[in-house]
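Pasted below: structure-v3.cif, mmCIF, C-alpha atoms and all ligand atoms.
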data_my_file
loop_
_atom_site.label_atom_id
_atom_site.label_comp_id
_atom_site.auth_asym_id
_atom_site.auth_seq_id
_atom_site.Cartn_x
_atom_site.Cartn_y
_atom_site.Cartn_z
CA MET A 4 -80.05 44.24 45.11
CA THR A 5 -79.48 47.88 44.40
CA ASP A 6 -77.75 49.48 41.42
CA GLN A 7 -76.07 52.01 43.65
CA HIS A 8 -72.30 51.77 43.68
CA PRO A 9 -71.00 51.77 47.24
CA LEU A 10 -68.89 54.82 46.44
CA ASP A 11 -72.03 56.85 45.57
CA ASP A 12 -72.85 56.46 49.19
CA VAL A 13 -69.32 57.27 50.25
CA ASP A 14 -69.30 60.62 48.44
CA GLN A 15 -72.29 61.72 50.50
CA ALA A 16 -70.71 60.66 53.76
CA GLY A 17 -71.20 63.18 56.51
CA GLY A 18 -68.61 62.39 59.12
CA CYS A 19 -65.67 60.71 57.41
CA MET A 20 -62.87 62.34 55.55
CA VAL A 21 -63.31 60.24 52.42
CA THR A 22 -63.78 62.42 49.36
CA ALA A 23 -61.11 62.08 46.68
CA GLU A 24 -59.86 65.61 47.44
CA ALA A 25 -59.68 64.89 51.14
CA MET A 26 -57.77 61.66 50.55
CA GLN A 27 -55.34 63.46 48.21
CA GLU A 28 -54.82 66.24 50.74
CA TYR A 29 -54.26 63.57 53.35
CA ARG A 30 -51.62 61.79 51.28
CA ASN A 31 -49.86 65.09 50.58
CA ARG A 32 -49.78 65.96 54.26
CA LYS A 33 -48.35 62.57 55.07
CA ARG A 34 -45.73 62.88 52.32
CA ASN A 35 -44.75 66.36 53.48
CA GLY A 36 -44.54 65.26 57.10
CA ASP A 37 -47.17 67.87 57.95
CA SER A 38 -49.31 65.91 60.38
CA THR A 39 -48.15 67.72 63.56
CA PRO A 40 -47.50 64.54 65.55
CA PRO A 41 -46.50 65.08 69.18
CA TYR A 42 -43.02 63.64 68.62
CA ASP A 43 -40.47 65.56 66.62
CA VAL A 44 -38.92 62.78 64.56
CA GLU A 45 -36.59 63.52 61.69
CA ASP A 46 -35.93 59.91 60.77
CA PRO A 47 -37.51 59.26 57.36
CA ILE A 48 -38.76 55.78 58.28
CA LEU A 49 -40.10 56.65 61.74
CA SER A 50 -41.85 59.72 60.39
CA LEU A 51 -44.10 57.33 58.45
CA ILE A 52 -45.75 56.39 61.75
CA GLY A 53 -49.15 57.93 62.43
CA ASN A 54 -51.41 60.15 60.38
CA THR A 55 -53.33 57.12 59.19
CA PRO A 56 -56.31 57.57 56.86
CA ILE A 57 -59.98 57.12 57.63
CA VAL A 58 -62.34 55.55 55.09
CA GLN A 59 -66.09 55.13 55.03
CA TYR A 60 -67.23 51.54 55.52
CA PRO A 61 -69.03 51.22 52.21
CA GLU A 62 -72.18 49.45 53.34
CA ASP A 63 -75.52 51.21 53.14
CA LEU A 64 -76.44 51.55 56.82
CA PRO A 65 -78.60 54.19 58.56
CA GLY A 66 -75.58 55.58 60.45
CA ASP A 67 -72.00 56.13 59.22
CA VAL A 68 -69.11 53.83 60.10
CA CYS A 69 -65.69 55.41 59.48
CA VAL A 70 -62.69 53.09 59.68
CA LYS A 71 -59.29 54.36 60.83
CA LEU A 72 -56.73 52.21 59.06
CA GLU A 73 -53.89 51.69 61.52
CA LYS A 74 -52.43 49.10 59.14
CA GLU A 75 -50.97 52.08 57.26
CA ASN A 76 -48.27 52.36 59.93
CA PRO A 77 -44.90 50.93 58.76
CA THR A 78 -45.15 47.56 60.55
CA GLY A 79 -48.88 47.37 59.98
CA SER A 80 -50.48 48.35 63.28
CA MET A 81 -51.14 51.11 65.80
CA LYS A 82 -48.43 49.59 68.03
CA ASP A 83 -45.77 51.49 66.03
CA ARG A 84 -47.10 54.58 67.80
CA ILE A 85 -46.54 53.27 71.33
CA ALA A 86 -43.16 51.77 70.43
CA LEU A 87 -41.95 55.18 69.25
CA GLY A 88 -43.77 57.26 71.86
CA MET A 89 -42.81 55.11 74.86
CA ILE A 90 -39.14 54.98 73.85
CA LEU A 91 -38.91 58.73 73.20
CA GLU A 92 -40.72 59.58 76.43
CA MET A 93 -38.47 57.20 78.40
CA GLU A 94 -35.38 58.78 76.82
CA GLU A 95 -36.71 62.18 77.82
CA SER A 96 -37.29 61.13 81.43
CA GLU A 97 -33.91 59.34 81.46
CA GLU A 98 -35.48 55.96 82.23
CA LEU A 99 -33.75 54.81 79.05
CA ALA A 100 -30.19 55.62 77.95
CA LYS A 101 -28.74 55.15 74.48
CA ASP A 102 -26.65 52.08 75.38
CA ASP A 103 -29.50 50.27 77.18
CA LEU A 104 -30.93 47.01 75.92
CA VAL A 105 -34.66 47.46 75.16
CA VAL A 106 -36.81 44.48 76.17
CA GLU A 107 -40.50 44.00 75.40
CA ALA A 108 -43.05 41.21 75.66
CA SER A 109 -45.57 41.00 72.86
CA SER A 110 -47.95 38.47 71.43
CA GLY A 111 -47.76 40.20 68.07
CA ASN A 112 -47.98 43.73 66.84
CA THR A 113 -45.93 45.52 69.50
CA ALA A 114 -43.05 43.20 68.60
CA GLY A 115 -42.84 44.63 65.09
CA GLY A 116 -43.17 48.21 66.30
CA VAL A 117 -40.40 47.85 68.89
CA ALA A 118 -38.17 46.04 66.37
CA LEU A 119 -38.55 48.91 63.91
CA VAL A 120 -38.10 51.75 66.38
CA THR A 121 -35.06 50.19 68.08
CA ASN A 122 -33.55 49.47 64.67
CA ARG A 123 -33.84 53.12 63.66
CA LEU A 124 -32.82 54.60 67.00
CA GLY A 125 -29.80 52.33 67.36
CA TYR A 126 -30.82 50.21 70.35
CA ASP A 127 -30.23 46.50 70.77
CA SER A 128 -33.54 44.84 71.59
CA VAL A 129 -35.00 41.54 72.74
CA ILE A 130 -38.63 40.61 72.11
CA THR A 131 -40.27 37.73 73.96
CA THR A 132 -43.37 36.19 72.38
CA PRO A 133 -45.61 33.19 73.04
CA GLU A 134 -44.43 30.37 70.77
CA THR A 135 -47.82 30.40 68.99
CA THR A 136 -47.27 33.91 67.57
CA SER A 137 -47.80 33.87 63.81
CA ASN A 138 -44.82 33.75 61.45
CA GLN A 139 -46.10 36.89 59.81
CA LYS A 140 -45.61 38.87 63.01
CA ILE A 141 -42.36 37.16 64.02
CA GLY A 142 -41.13 38.04 60.53
CA TYR A 143 -40.95 41.73 61.44
CA VAL A 144 -38.78 40.99 64.46
CA GLU A 145 -36.36 38.83 62.54
CA ALA A 146 -36.23 41.03 59.45
CA LEU A 147 -35.57 44.15 61.48
CA GLY A 148 -32.84 42.52 63.55
CA SER A 149 -34.25 42.20 67.08
CA GLU A 150 -33.45 39.14 69.17
CA LEU A 151 -36.48 36.87 69.44
CA VAL A 152 -37.21 34.65 72.45
CA ALA A 153 -40.17 32.33 71.88
CA CYS A 154 -41.75 31.24 75.18
CA PRO A 155 -43.97 28.25 76.01
CA ILE A 156 -47.71 28.69 76.54
CA VAL A 157 -47.97 28.58 80.32
CA ASP A 158 -50.01 30.29 83.01
CA SER A 159 -49.25 34.00 83.40
CA ALA A 160 -47.84 33.34 86.90
CA HIS A 161 -45.27 30.84 85.55
CA GLU A 162 -41.66 32.08 85.29
CA ASP A 163 -41.48 30.96 81.64
CA HIS A 164 -44.51 33.03 80.62
CA TYR A 165 -43.40 35.51 77.94
CA ARG A 166 -44.06 38.57 80.11
CA ASN A 167 -42.12 37.15 83.10
CA THR A 168 -39.33 36.07 80.75
CA ALA A 169 -39.04 39.64 79.44
CA GLU A 170 -38.82 40.96 82.98
CA SER A 171 -36.08 38.50 83.94
CA ILE A 172 -34.09 39.14 80.72
CA ALA A 173 -34.20 42.88 81.48
CA ALA A 174 -33.01 42.23 85.04
CA LYS A 175 -30.20 39.84 84.02
CA ARG A 176 -28.90 41.83 81.07
CA ASP A 177 -29.24 45.28 82.56
CA GLY A 178 -32.00 46.13 80.10
CA VAL A 179 -35.12 48.25 80.25
CA PHE A 180 -38.50 46.49 80.05
CA LEU A 181 -41.02 48.69 78.23
CA ASN A 182 -43.94 46.70 79.65
CA GLN A 183 -46.92 47.83 77.57
CA TYR A 184 -49.29 45.99 79.95
CA HIS A 185 -48.41 48.23 82.90
CA ASN A 186 -46.65 51.26 81.50
CA GLN A 187 -48.95 54.31 81.67
CA LEU A 188 -47.09 55.71 78.67
CA ASN A 189 -48.99 53.20 76.53
CA PRO A 190 -52.39 54.94 76.90
CA ARG A 191 -50.69 58.32 77.28
CA VAL A 192 -49.06 58.08 73.85
CA HIS A 193 -52.51 57.48 72.32
CA GLU A 194 -53.92 60.36 74.35
CA LYS A 195 -51.21 62.67 72.96
CA TRP A 196 -51.19 61.34 69.43
CA THR A 197 -53.99 59.09 68.15
CA GLY A 198 -56.77 60.93 70.01
CA PRO A 199 -55.99 64.43 68.64
CA GLU A 200 -55.29 62.98 65.19
CA LEU A 201 -58.67 61.23 65.08
CA TRP A 202 -60.51 64.25 66.51
CA ALA A 203 -59.03 66.48 63.79
CA GLN A 204 -60.07 64.04 61.06
CA MET A 205 -63.73 63.69 62.00
CA ASP A 206 -66.21 66.40 61.03
CA GLU A 207 -68.79 64.72 63.25
CA LEU A 208 -68.32 62.04 65.89
CA THR A 209 -70.86 60.27 68.08
CA HIS A 210 -69.13 56.96 68.93
CA ILE A 211 -65.67 55.41 69.02
CA VAL A 212 -65.49 51.62 68.79
CA CYS A 213 -62.12 49.96 69.41
CA PRO A 214 -60.82 46.46 70.24
CA MET A 215 -59.17 46.14 73.65
CA GLY A 216 -56.11 44.14 74.73
CA THR A 217 -53.98 46.27 77.01
CA GLY A 218 -56.73 48.87 76.57
CA GLY A 219 -54.07 51.47 75.77
CA THR A 220 -55.43 52.53 72.39
CA LEU A 221 -59.04 53.05 73.46
CA SER A 222 -58.14 54.52 76.87
CA GLY A 223 -55.86 57.19 75.44
CA ILE A 224 -58.16 58.10 72.55
CA GLY A 225 -61.17 57.98 74.89
CA LYS A 226 -59.62 60.35 77.42
CA TYR A 227 -58.67 62.91 74.79
CA VAL A 228 -62.04 62.76 73.02
CA LYS A 229 -64.11 62.87 76.24
CA GLU A 230 -62.22 66.03 77.17
CA GLN A 231 -63.28 67.60 73.86
CA ASP A 232 -66.88 66.36 73.95
CA GLU A 233 -68.11 64.17 76.77
CA SER A 234 -71.22 63.12 74.81
CA VAL A 235 -69.11 60.90 72.48
CA ASP A 236 -69.77 57.27 73.41
CA ILE A 237 -66.54 55.35 74.01
CA VAL A 238 -67.14 51.65 73.30
CA GLY A 239 -64.55 48.95 73.99
CA VAL A 240 -64.66 45.53 72.34
CA ASP A 241 -63.63 42.44 74.29
CA ALA A 242 -63.57 38.74 73.40
CA GLU A 243 -66.47 36.70 74.77
CA GLU A 244 -64.38 34.46 77.05
CA SER A 245 -62.27 37.24 78.50
CA ASN A 246 -62.09 39.47 81.53
CA ILE A 247 -62.00 43.05 80.33
CA SER A 248 -65.79 43.25 80.27
CA THR A 249 -66.17 41.23 83.49
CA ALA A 250 -63.75 43.64 85.22
CA PHE A 251 -65.52 46.65 83.71
CA TYR A 252 -68.96 45.49 84.93
CA GLY A 253 -67.70 43.99 88.22
CA ASP A 254 -68.72 40.42 87.25
CA ASP A 255 -66.95 37.20 88.22
CA PRO A 256 -63.94 36.39 86.02
CA VAL A 257 -64.21 33.66 83.38
CA GLU A 258 -61.50 31.45 81.93
CA TYR A 259 -59.73 33.45 79.21
CA ASN A 260 -59.89 31.80 75.80
CA THR A 261 -59.94 33.44 72.37
CA GLU A 262 -58.33 32.86 68.99
CA ILE A 263 -58.62 36.52 68.05
CA GLU A 264 -55.14 38.08 68.13
CA GLY A 265 -54.88 41.23 70.20
CA LEU A 266 -58.36 40.92 71.67
CA GLY A 267 -59.23 40.31 75.31
CA LYS A 268 -57.20 39.61 78.42
CA GLY A 269 -57.12 37.21 81.36
CA SER A 270 -57.55 40.10 83.77
CA GLU A 271 -57.70 43.88 84.04
CA THR A 272 -54.42 45.75 83.58
CA PRO A 273 -53.53 49.30 84.75
CA THR A 274 -53.45 50.48 81.13
CA MET A 275 -57.26 50.20 80.96
CA TRP A 276 -58.64 53.60 81.94
CA PHE A 277 -62.25 52.59 82.57
CA ASP A 278 -63.19 56.15 83.66
CA TYR A 279 -63.18 57.23 80.01
CA ILE A 280 -64.99 54.19 78.63
CA ASP A 281 -68.80 54.01 78.51
CA ARG A 282 -69.29 50.36 77.75
CA VAL A 283 -67.44 47.17 76.80
CA ALA A 284 -69.11 44.82 74.31
CA SER A 285 -68.18 41.12 74.16
CA VAL A 286 -67.87 39.42 70.78
CA ASP A 287 -67.41 35.69 70.19
CA ASP A 288 -64.63 34.49 67.89
CA GLU A 289 -66.95 33.23 65.15
CA THR A 290 -68.68 36.61 64.88
CA ALA A 291 -65.30 38.39 64.76
CA ILE A 292 -64.08 36.16 61.92
CA THR A 293 -67.40 36.36 60.05
CA TRP A 294 -67.30 40.17 59.96
CA THR A 295 -63.61 40.23 59.05
CA LYS A 296 -64.46 38.05 56.04
CA LYS A 297 -67.55 40.08 55.15
CA ALA A 298 -65.56 43.31 55.18
CA ALA A 299 -63.08 41.74 52.72
CA ARG A 300 -65.42 39.81 50.41
CA GLY A 301 -68.32 42.24 50.49
CA HIS A 302 -66.51 45.56 50.57
CA GLY A 303 -62.84 45.09 49.67
CA LEU A 304 -61.73 46.19 53.13
CA LEU A 305 -58.88 44.11 54.57
CA ILE A 306 -58.99 44.49 58.34
CA GLY A 307 -57.66 42.23 61.08
CA THR A 308 -59.85 39.91 63.12
CA SER A 309 -59.97 42.13 66.24
CA SER A 310 -61.21 44.90 63.94
CA GLY A 311 -63.79 42.45 62.54
CA ALA A 312 -65.08 42.04 66.11
CA ALA A 313 -65.26 45.84 66.44
CA LEU A 314 -67.03 46.07 63.07
CA SER A 315 -69.81 43.79 64.31
CA VAL A 316 -70.38 46.20 67.22
CA ALA A 317 -70.09 49.35 65.09
CA ARG A 318 -72.63 48.00 62.55
CA GLU A 319 -75.15 47.32 65.31
CA ILE A 320 -74.86 50.92 66.50
CA ALA A 321 -75.12 52.21 62.91
CA MET A 322 -78.21 50.09 62.25
CA GLU A 323 -80.00 51.40 65.33
CA ASN A 324 -79.11 55.06 64.96
CA GLU A 325 -79.28 57.06 61.73
CA ASN A 326 -77.57 59.99 63.43
CA ALA A 327 -74.55 57.95 64.46
CA THR A 328 -71.10 58.76 63.05
CA ILE A 329 -68.88 56.02 64.40
CA ALA A 330 -65.08 55.93 64.29
CA LEU A 331 -63.93 52.32 64.25
CA ILE A 332 -60.27 51.86 65.11
CA ALA A 333 -59.00 49.06 62.85
CA CYS A 334 -55.83 48.14 64.77
CA ASP A 335 -54.24 46.18 61.93
CA GLY A 336 -54.95 44.75 58.48
CA GLY A 337 -56.35 41.51 57.09
CA GLU A 338 -52.99 40.86 55.40
CA GLN A 339 -51.77 39.50 58.74
CA TYR A 340 -54.53 36.89 58.87
CA PHE A 341 -54.84 35.32 55.44
CA ASP A 342 -54.62 31.92 57.18
CA THR A 343 -57.93 32.73 58.86
CA PHE A 344 -59.76 33.81 55.66
C1 LIG A 401 -54.64 43.25 66.33
C2 LIG A 401 -54.81 43.94 67.63
N1 LIG A 401 -56.03 44.41 67.95
C3 LIG A 401 -56.25 45.01 69.13
C4 LIG A 401 -55.26 45.15 70.07
C5 LIG A 401 -55.55 45.81 71.38
O1 LIG A 401 -54.91 47.06 71.49
P1 LIG A 401 -54.54 47.63 72.92
O2 LIG A 401 -53.49 46.75 73.49
O3 LIG A 401 -54.07 49.01 72.69
O4 LIG A 401 -55.80 47.59 73.70
C6 LIG A 401 -53.99 44.65 69.79
C7 LIG A 401 -52.92 44.69 70.79
O5 LIG A 401 -51.92 44.03 70.69
C8 LIG A 401 -53.75 44.05 68.54
O6 LIG A 401 -52.55 43.57 68.20
#

Represent the supplied structure as structure tokens.
Ligand SMILES: Cc1ncc(COP(=O)(O)O)c(C=O)c1O
Amino acid sequence: MTDQHPLDDVDQAGGCMVTAEAMQEYRNRKRNGDSTPPYDVEDPILSLIGNTPIVQYPEDLPGDVCVKLEKENPTGSMKDRIALGMILEMEESEELAKDDLVVEASSGNTAGGVALVTNRLGYDSVITTPETTSNQKIGYVEALGSELVACPIVDSAHEDHYRNTAESIAAKRDGVFLNQYHNQLNPRVHEKWTGPELWAQMDELTHIVCPMGTGGTLSGIGKYVKEQDESVDIVGVDAEESNISTAFYGDDPVEYNTEIEGLGKGSETPTMWFDYIDRVASVDDETAITWTKKAARGHGLLIGTSSGAALSVAREIAMENENATIALIACDGGEQYFDTF
């Protein structure tokens, strides 16, 4: 045991923006709407999206792990960014008109983001979800007034699968399907927004570690950061029984099976821009949950379980490399997963 308070360590942090002054400046900028996001939004609620803080992971490790807290977005995840960015970009390109019905398929966080953005921009919206989606996440959809369609757990080729249901609702009701799994605007919004925001926050940066589902978050951030400094290592995190890493390495697919919300996929999707990713690490569910719990119990940091998986990978890098300054993208918060704790 050491007498050192974790914050002693934090104050000496090299790469993260974590001093008290920096955090205060950060809060002021957020309050004043001075974060220069790529989308010019006057709405007071929507302008809360983005400009999320970064904190030092307060464990004494040779390298630094800096955690970007995407739970600070209004519905608690980075998906608020793509909901806003995709809708504004589609308005701009006239793929979406003001009286259109917005339809999206989501197993969780995107549902809340789309419900919020459509609420504020005056669209009617329908969200399809697998029927196993947690009440916590469905709560956003219902509270914010979107129509919810819960779909059975069936193979992705089945017409009742939640993604196929969204497509057919859009076709039948003359709606527009945002389609985060295929829409290139998903990674592009992160390239325009989250990547520059993160780059501006980090004094030093050697690695980015981020969970992957659609791959949009890591792909967009990775592309922007590689274009600033190609030596930064872009590390994706996949579930163990999942096919992002098998697709990345050209291995045979496995049967997709994980309890970790948001993590992994049955197959590659076009929103995964592998050209900007250096490696994809696989993490089993137990390890993901263990590190989610350790972050909470040991360090007071409430992150979601996909972020716990990413933490296990980031810690390994930080243990092996005293010169590492790692940005870990914590996609959502532990508040969504108290059932798992
Ligand atoms: C909790 C959580 N982590 C990670 C991800 C993966 O993010 P992306 O789809 O941008 O790869 C998601 C996506 O839904 C998520 O909800």

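For the pair atom CA of A:Asp102 and atom CA of A:Asn167, the separation is 22.8 Å.
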
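With all atoms listed in the file as the basis for measurement, A:Ile292 is the residue among A:Ile172, A:Ile292, A:Met322, A:Ala146 that approaches A:Tyr340 most closely.
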
Checklist entry - What separation in Å, quoted to one decimal, exists between atom CA of A:Glu200 and atom CA of A:Lys71? => result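 About the pair atom CA of A:Glu200 and atom CA of A:Lys71: they are 10.5 Å apart.
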
Item to check | Close residues, stretch 127-137 of chain A itself excluded, 6 Å, only C-alpha atoms, min 2 positions apart in chain, as a ChimeraX atom specification | outcome: /A:104-110,139-140,149-155,165,169

Which residues of chain A come within 7 Å of ligand LIG 401 (chain A), and for each one, what is the closest pair of atoms and their distance in Å to one decimal, counting only C-alpha atoms and all ligand atoms, sorted by chain and residue number, as CSV?
residue,atom,partner,partner_atom,distance
A:Ser110,CA,A:LIG401,O5,6.9
A:Gly111,CA,A:LIG401,O6,5.9
A:Asn112,CA,A:LIG401,O6,4.8
A:Thr113,CA,A:LIG401,O5,6.3
A:Pro214,CA,A:LIG401,C3,4.9
A:Met215,CA,A:LIG401,O4,3.7
A:Gly216,CA,A:LIG401,O4,3.6
A:Thr217,CA,A:LIG401,O2,3.6
A:Gly218,CA,A:LIG401,O4,3.3
A:Gly219,CA,A:LIG401,O3,3.9
A:Thr220,CA,A:LIG401,O3,3.8
A:Leu221,CA,A:LIG401,O4,6.4
A:Glu264,CA,A:LIG401,C1,5.5
A:Gly265,CA,A:LIG401,C8,3.5
A:Leu266,CA,A:LIG401,C3,5.3
A:Gly307,CA,A:LIG401,C1,6.1
A:Thr308,CA,A:LIG401,C1,7.0
A:Ser309,CA,A:LIG401,N1,4.9
A:Ser310,CA,A:LIG401,N1,6.6
A:Cys334,CA,A:LIG401,N1,4.9
A:Asp335,CA,A:LIG401,C1,5.3

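The shortest atom-to-atom distance to A:Glu73, with only C-alpha atoms taken into account, belongs to A:Cys213 out of A:Tyr143, A:Cys213, A:Asp288, A:Ala317.
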
Incomplete stretch 178-196 of chain A brought to N, CA and C atoms, written out as a PDB file, in the frame of the given file:
ATOM      1  N   GLY A 178     -31.171  45.499  81.139  1.00  0.00           N
ATOM      2  CA  GLY A 178     -32.000  46.130  80.100  1.00  0.00           C
ATOM      3  C   GLY A 178     -33.165  46.894  80.695  1.00  0.00           C
ATOM      4  N   VAL A 179     -33.933  47.505  79.820  1.00  0.00           N
ATOM      5  CA  VAL A 179     -35.120  48.250  80.250  1.00  0.00           C
ATOM      6  C   VAL A 179     -36.353  47.596  79.628  1.00  0.00           C
ATOM      7  N   PHE A 180     -37.278  47.169  80.497  1.00  0.00           N
ATOM      8  CA  PHE A 180     -38.500  46.490  80.050  1.00  0.00           C
ATOM      9  C   PHE A 180     -39.570  47.551  79.792  1.00  0.00           C
ATOM     10  N   LEU A 181     -40.022  47.647  78.551  1.00  0.00           N
ATOM     11  CA  LEU A 181     -41.020  48.690  78.230  1.00  0.00           C
ATOM     12  C   LEU A 181     -42.353  48.420  78.915  1.00  0.00           C
ATOM     13  N   ASN A 182     -42.768  47.166  78.903  1.00  0.00           N
ATOM     14  CA  ASN A 182     -43.940  46.700  79.650  1.00  0.00           C
ATOM     15  C   ASN A 182     -45.243  47.421  79.298  1.00  0.00           C
ATOM     16  N   GLN A 183     -45.694  47.179  78.075  1.00  0.00           N
ATOM     17  CA  GLN A 183     -46.920  47.830  77.570  1.00  0.00           C
ATOM     18  C   GLN A 183     -48.156  47.489  78.406  1.00  0.00           C
ATOM     19  N   TYR A 184     -48.103  46.387  79.168  1.00  0.00           N
ATOM     20  CA  TYR A 184     -49.290  45.990  79.950  1.00  0.00           C
ATOM     21  C   TYR A 184     -49.449  46.811  81.225  1.00  0.00           C
ATOM     22  N   HIS A 185     -48.350  47.440  81.661  1.00  0.00           N
ATOM     23  CA  HIS A 185     -48.410  48.230  82.900  1.00  0.00           C
ATOM     24  C   HIS A 185     -48.023  49.682  82.692  1.00  0.00           C
ATOM     25  N   ASN A 186     -47.239  49.933  81.677  1.00  0.00           N
ATOM     26  CA  ASN A 186     -46.650  51.260  81.500  1.00  0.00           C
ATOM     27  C   ASN A 186     -47.737  52.278  81.105  1.00  0.00           C
ATOM     28  N   GLN A 187     -47.908  53.305  81.933  1.00  0.00           N
ATOM     29  CA  GLN A 187     -48.950  54.310  81.670  1.00  0.00           C
ATOM     30  C   GLN A 187     -48.661  55.116  80.395  1.00  0.00           C
ATOM     31  N   LEU A 188     -47.407  55.022  79.924  1.00  0.00           N
ATOM     32  CA  LEU A 188     -47.090  55.710  78.670  1.00  0.00           C
ATOM     33  C   LEU A 188     -47.842  55.084  77.495  1.00  0.00           C
ATOM     34  N   ASN A 189     -48.250  53.831  77.624  1.00  0.00           N
ATOM     35  CA  ASN A 189     -48.990  53.200  76.530  1.00  0.00           C
ATOM     36  C   ASN A 189     -50.279  53.995  76.245  1.00  0.00           C
ATOM     37  N   PRO A 190     -51.221  54.088  77.205  1.00  0.00           N
ATOM     38  CA  PRO A 190     -52.390  54.940  76.900  1.00  0.00           C
ATOM     39  C   PRO A 190     -52.034  56.402  76.696  1.00  0.00           C
ATOM     40  N   ARG A 191     -51.005  56.885  77.392  1.00  0.00           N
ATOM     41  CA  ARG A 191     -50.690  58.320  77.280  1.00  0.00           C
ATOM     42  C   ARG A 191     -50.238  58.703  75.863  1.00  0.00           C
ATOM     43  N   VAL A 192     -49.487  57.790  75.230  1.00  0.00           N
ATOM     44  CA  VAL A 192     -49.060  58.080  73.850  1.00  0.00           C
ATOM     45  C   VAL A 192     -50.294  58.212  72.943  1.00  0.00           C
ATOM     46  N   HIS A 193     -51.281  57.356  73.143  1.00  0.00           N
ATOM     47  CA  HIS A 193     -52.510  57.480  72.320  1.00  0.00           C
ATOM     48  C   HIS A 193     -53.293  58.743  72.680  1.00  0.00           C
ATOM     49  N   GLU A 194     -53.229  59.126  73.941  1.00  0.00           N
ATOM     50  CA  GLU A 194     -53.920  60.360  74.350  1.00  0.00           C
ATOM     51  C   GLU A 194     -53.268  61.583  73.659  1.00  0.00           C
ATOM     52  N   LYS A 195     -51.930  61.541  73.549  1.00  0.00           N
ATOM     53  CA  LYS A 195     -51.210  62.670  72.960  1.00  0.00           C
ATOM     54  C   LYS A 195     -51.246  62.657  71.433  1.00  0.00           C
ATOM     55  N   TRP A 196     -51.439  61.472  70.862  1.00  0.00           N
ATOM     56  CA  TRP A 196     -51.190  61.340  69.430  1.00  0.00           C
ATOM     57  C   TRP A 196     -52.454  60.883  68.663  1.00  0.00           C
TER      58      TRP A 196
END
